[in-house]
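Student: Sending over input.tsv (TSV, C-alpha atoms).
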```
chain	number	residue	atom	x	y	z
A	8	MET	CA	9.45	3.10	-21.14
A	9	GLY	CA	13.18	3.32	-21.83
A	10	HIS	CA	14.10	0.86	-19.08
A	11	ALA	CA	14.53	-2.25	-21.26
A	12	VAL	CA	17.78	-4.14	-21.29
A	13	GLY	CA	19.13	-4.51	-24.84
A	14	HIS	CA	18.69	-8.27	-25.05
A	15	LEU	CA	15.14	-8.06	-23.62
A	16	ASN	CA	13.87	-5.10	-25.60
A	17	ASP	CA	10.93	-6.48	-27.56
A	18	GLY	CA	9.91	-2.91	-28.45
A	19	VAL	CA	11.85	-3.35	-31.69
A	20	LEU	CA	9.34	-6.01	-32.80
A	21	SER	CA	6.58	-3.44	-33.18
A	22	SER	CA	7.32	0.24	-32.99
A	23	ARG	CA	3.57	0.94	-33.07
A	24	LEU	CA	2.93	-1.25	-30.02
A	25	ALA	CA	5.95	0.22	-28.23
A	26	ALA	CA	4.55	3.72	-28.85
A	27	ALA	CA	1.13	2.62	-27.55
A	28	MET	CA	2.76	1.24	-24.40
A	29	ARG	CA	4.59	4.53	-23.80
A	30	LYS	CA	1.39	6.49	-24.43
A	31	ASN	CA	-0.96	4.41	-22.27
A	32	ILE	CA	1.28	3.21	-19.46
A	33	GLY	CA	2.63	6.43	-18.05
A	34	ASN	CA	1.96	8.93	-15.29
A	35	HIS	CA	-1.62	9.72	-16.26
A	36	PRO	CA	-4.56	8.20	-14.31
A	37	ILE	CA	-5.32	4.59	-15.13
A	38	SER	CA	-8.93	5.66	-15.65
A	39	GLN	CA	-7.80	7.17	-18.98
A	40	ALA	CA	-6.34	3.90	-20.28
A	41	PRO	CA	-8.25	1.99	-22.97
A	42	PHE	CA	-8.18	-1.23	-20.91
A	43	TYR	CA	-9.54	0.36	-17.72
A	44	GLN	CA	-12.91	-0.66	-16.29
A	45	PRO	CA	-14.68	1.91	-14.10
A	46	ASP	CA	-15.93	0.94	-10.65
A	47	VAL	CA	-13.90	-2.28	-10.57
A	48	TRP	CA	-10.45	-1.60	-9.16
A	49	ARG	CA	-10.04	-0.74	-5.48
A	50	TYR	CA	-6.76	0.50	-4.06
A	51	HIS	CA	-5.32	1.00	-0.60
A	52	TYR	CA	-1.83	1.95	0.53
A	53	LEU	CA	-0.69	0.48	3.82
A	54	PRO	CA	2.31	2.26	5.37
A	55	LYS	CA	4.91	-0.02	6.94
A	56	GLY	CA	4.45	1.32	10.46
A	57	THR	CA	6.16	-1.08	12.86
A	58	GLY	CA	6.31	-3.67	10.10
A	59	PRO	CA	4.20	-4.99	7.24
A	60	PRO	CA	1.63	-7.64	8.21
A	61	ASP	CA	2.36	-11.28	7.44
A	62	LEU	CA	-0.17	-11.73	4.65
A	63	SER	CA	0.85	-15.34	4.05
A	64	GLN	CA	-0.25	-16.29	7.56
A	65	GLY	CA	-3.07	-13.88	8.31
A	66	GLY	CA	-4.39	-13.04	4.86
A	67	LEU	CA	-5.80	-9.62	4.14
A	68	PRO	CA	-6.03	-7.64	7.41
A	69	ALA	CA	-9.65	-6.82	8.29
A	70	GLU	CA	-8.94	-3.08	8.45
A	71	VAL	CA	-7.47	-3.16	4.92
A	72	GLY	CA	-10.46	-5.11	3.63
A	73	ALA	CA	-12.76	-2.52	5.21
A	74	ALA	CA	-10.75	0.35	3.69
A	75	LEU	CA	-10.97	-1.23	0.25
A	76	GLU	CA	-14.76	-1.40	0.59
A	77	LEU	CA	-15.12	2.33	1.16
A	78	PRO	CA	-15.93	4.63	-1.79
A	79	ALA	CA	-12.42	6.03	-1.31
A	80	GLY	CA	-11.06	2.65	-2.42
A	81	LEU	CA	-12.71	3.01	-5.82
A	82	ILE	CA	-11.65	6.64	-6.13
A	83	ALA	CA	-8.05	5.71	-5.27
A	84	GLY	CA	-8.14	2.85	-7.77
A	85	ALA	CA	-9.20	5.18	-10.58
A	86	ALA	CA	-6.60	7.79	-9.60
A	87	LEU	CA	-3.58	5.47	-9.69
A	88	THR	CA	-1.15	6.27	-12.43
A	89	ALA	CA	-1.25	3.73	-15.24
A	90	ALA	CA	2.42	2.97	-14.53
A	91	LEU	CA	1.79	2.20	-10.84
A	92	PHE	CA	-1.35	0.18	-11.65
A	93	CYS	CA	0.64	-2.02	-14.04
A	94	LYS	CA	3.57	-2.24	-11.62
A	95	ILE	CA	1.32	-3.51	-8.82
A	96	LEU	CA	-0.20	-6.15	-11.09
A	97	ARG	CA	3.19	-7.16	-12.44
A	98	ASN	CA	4.86	-7.40	-9.04
A	99	GLY	CA	1.93	-9.20	-7.47
A	100	LEU	CA	1.85	-11.82	-10.22
A	101	ALA	CA	5.63	-12.16	-10.60
A	102	HIS	CA	6.38	-12.50	-6.88
A	103	GLY	CA	3.34	-14.44	-5.68
A	104	GLY	CA	1.78	-11.38	-4.07
A	105	VAL	CA	-1.80	-12.38	-4.79
A	106	LEU	CA	-4.39	-12.86	-2.07
A	107	TYR	CA	-7.39	-15.01	-2.91
A	108	LEU	CA	-10.51	-13.51	-1.40
A	109	ASP	CA	-14.10	-14.59	-0.83
A	110	GLU	CA	-17.25	-12.87	-2.11
A	111	HIS	CA	-16.94	-10.24	0.64
A	112	GLY	CA	-13.30	-9.42	-0.20
A	113	ARG	CA	-11.92	-11.24	2.83
A	114	SER	CA	-9.35	-13.99	3.30
A	115	THR	CA	-11.49	-16.95	4.32
A	116	PRO	CA	-9.79	-20.37	4.24
A	117	GLY	CA	-11.84	-22.89	2.28
A	118	ALA	CA	-14.22	-20.33	0.81
A	119	PRO	CA	-14.63	-20.10	-2.97
A	120	VAL	CA	-12.37	-17.47	-4.53
A	121	ARG	CA	-14.36	-14.51	-5.87
A	122	ALA	CA	-11.74	-11.73	-5.85
A	123	PHE	CA	-8.01	-11.12	-6.04
A	124	CYS	CA	-5.87	-8.63	-4.16
A	125	PHE	CA	-2.54	-7.89	-5.84
A	126	VAL	CA	0.17	-6.81	-3.42
A	127	SER	CA	3.35	-4.91	-4.23
A	128	THR	CA	5.87	-3.34	-1.88
A	129	LYS	CA	6.76	0.32	-2.03
A	130	GLU	CA	10.49	0.67	-1.52
A	131	LYS	CA	12.92	3.51	-1.19
A	132	ASP	CA	16.65	2.86	-1.07
A	133	ARG	CA	15.91	-0.90	-0.90
A	134	ARG	CA	13.84	-0.45	2.28
A	135	ILE	CA	10.16	-1.29	2.45
A	136	GLU	CA	8.02	1.77	3.12
A	137	GLY	CA	4.63	0.13	2.74
A	138	LEU	CA	2.34	-2.04	0.66
A	139	HIS	CA	0.25	-1.24	-2.40
A	140	LEU	CA	-2.95	-3.32	-2.46
A	141	LEU	CA	-5.10	-3.49	-5.59
A	142	ARG	CA	-8.31	-5.51	-5.56
A	143	ALA	CA	-10.73	-6.67	-8.25
A	144	GLY	CA	-13.41	-9.32	-8.45
A	145	MET	CA	-12.54	-12.51	-10.30
A	146	LYS	CA	-15.03	-11.89	-13.13
A	147	ASN	CA	-13.87	-8.29	-13.48
A	148	TYR	CA	-10.25	-9.43	-13.60
A	149	ARG	CA	-11.09	-11.83	-16.42
A	150	THR	CA	-12.79	-8.98	-18.28
A	151	PHE	CA	-9.69	-6.84	-17.71
A	152	LEU	CA	-7.49	-9.55	-19.23
A	153	GLN	CA	-9.76	-9.66	-22.28
A	154	LEU	CA	-9.65	-5.85	-22.61
A	155	TRP	CA	-5.87	-5.89	-22.21
A	156	ALA	CA	-5.43	-8.60	-24.86
A	157	LYS	CA	-7.80	-6.78	-27.24
A	158	TRP	CA	-5.92	-3.52	-26.70
A	159	LEU	CA	-2.58	-5.20	-27.44
A	160	GLN	CA	-4.01	-6.89	-30.52
A	161	ASP	CA	-5.59	-3.66	-31.81
A	162	GLU	CA	-2.38	-1.70	-31.26
A	163	ARG	CA	-0.22	-4.35	-32.86
```
Show this structure as structure tokens.
Tutor:
Amino acid sequence: MGHAVGHLNDGVLSSRLAAAMRKNIGNHPISQAPFYQPDVWRYHYLPKGTGPPDLSQGGLPAEVGAALELPAGLIAGAALTAALFCKILRNGLAHGGVLYLDEHGRSTPGAPVRAFCFVSTKEKDRRIEGLHLLRAGMKNYRTFLQLWAKWLQDER
């Protein structure tokens, strides 16, 4: 995407794959990407308000879990830009912003994990404005990883 540092620019290893990354991870809806799964990804944006919730202590707030369950959560998930979708996943994984949820999409200590919620902060001028929350079931996430790996392999 033109942001690589010279010593970390692996785009030179495969110009075809670099072109595919630029084409598929841009400002178009993620629903147009070859690795997208319909009716899987749910998204909610939580403005900072008086302060972001302490997710490490309280888990996913009930009102956010409820918002993710609404049809609007699926619609918002499909409408994310591919770039923001990937950024949320990347930031969540890189910075430990992953909530482990039960079969109902809730943070329940001791319950088997059935879904993940990837969390990424939205910042402006180094100040937190809110949280991006992107949720998928565990099985669907595994399928996504397989689709992603297949896409990379095919483009390579």
Student: Given the choices A:Leu24, A:Leu53, A:Ala90, A:Cys124, which gets closest to Val105 (chain A) if the distance is worked out from only C-alpha atoms?
Tutor: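 Checking each of A:Leu24, A:Leu53, A:Ala90, A:Cys124 against Val105 (chain A), counting only C-alpha atoms, the winner is A:Cys124.
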Student: Which is closer to Leu91 (chain A) than all the others in A:Gly65, A:Gly137, A:Pro45, A:Gly33, using only C-alpha atoms?
Tutor: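 Using only C-alpha atoms, Leu91 (chain A) sits closest to A:Gly33.
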Student: Need the axis-aligned box for region 111-121 of chain A with 8 Å each side, so what are the centre and edges in Å to one decimal, as JSON?
Tutor:
```
{"center_x": -13.1, "center_y": -16.2, "center_z": -0.8, "size_x": 23.6, "size_y": 29.5, "size_z": 26.2}
```
Student: From the list A:Arg23, A:Lys157, A:Arg133, A:Arg113, which residue is nearest Leu62 (chain A) when using only C-alpha atoms?
Tutor: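 Going through A:Arg23, A:Lys157, A:Arg133, A:Arg113 one by one, the smallest distance to Leu62 (chain A) is for A:Arg113.
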Student: Between CA of Ala89 (chain A) and CA of Ile37 (chain A), measure the distance and give it in Å to one decimal.
Tutor: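 Interatomic distance here is 4.2 Å.
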Student: Could you check how far CA of Arg149 (chain A) sits from CA of Pro59 (chain A), in Å to one decimal?
Tutor: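 Interatomic distance here is 29.0 Å.
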Student: For Gln44 (chain A), please output as a list of chain:residue names all residues within 12 Å (counting all atoms listed in the file; exclusion window: fewer than 6 positions along the same chain).
Tutor: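 In the requested form, the answer reads A:Ile37, A:Ser38, A:Leu81, A:Gly84, A:Ala85, A:Ala143, A:Gly144, A:Lys146, A:Asn147, A:Tyr148, A:Arg149, A:Thr150, A:Phe151, A:Leu152, A:Gln153, A:Leu154, A:Trp155.
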Student: Rounded to one decimal place, report the CA of Ala40 (chain A)-CA of Asp109 (chain A) distance in Å.
Tutor: 27.9 Å
Student: Measuring atom to atom with only C-alpha atoms, identify which of A:Pro68, A:Tyr52, A:Leu87, A:Thr115 is nearest to Thr128 (chain A).
Tutor: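 Looking only at the distances to Thr128 (chain A), the closest residue turns out to be A:Tyr52.
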Student: Residues near His51 (chain A), anyone? I mean within 9 Å using all atoms listed in the file, not counting same-chain ones fewer than 5 positions away, as a list in words.
Tutor: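 Those residues are Val71, Ala74, Leu75, Ala79, Gly80, Ala83, Gly84, Leu138, His139, Leu140, Leu141 and Arg142 of chain A.
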Student: Taking into account all atoms listed in the file, which residue in the set A:Pro41, A:Pro60, A:Gly72, A:Pro54 is nearest to Ser114 (chain A)?
Tutor: A:Gly72
Student: Please determine, counting only C-alpha atoms, which residue among A:Ile32, A:Val126, A:Ala86, A:Ala73 has the shortest atom-to-atom distance to His111 (chain A).
Tutor: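 Among A:Ile32, A:Val126, A:Ala86, A:Ala73, it is A:Ala73 that comes nearest to His111 (chain A).
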Student: Step by step: start from the point (-10.6, -18.4, -3.0) in the file's coordinates, keep every protein, DNA or RNA residue that has an atom no farther than 10 Å from it, count only C-alpha atoms, and write the set as a PyMOL selection string.
Tutor: chain A and resi 106-110+112-123+145
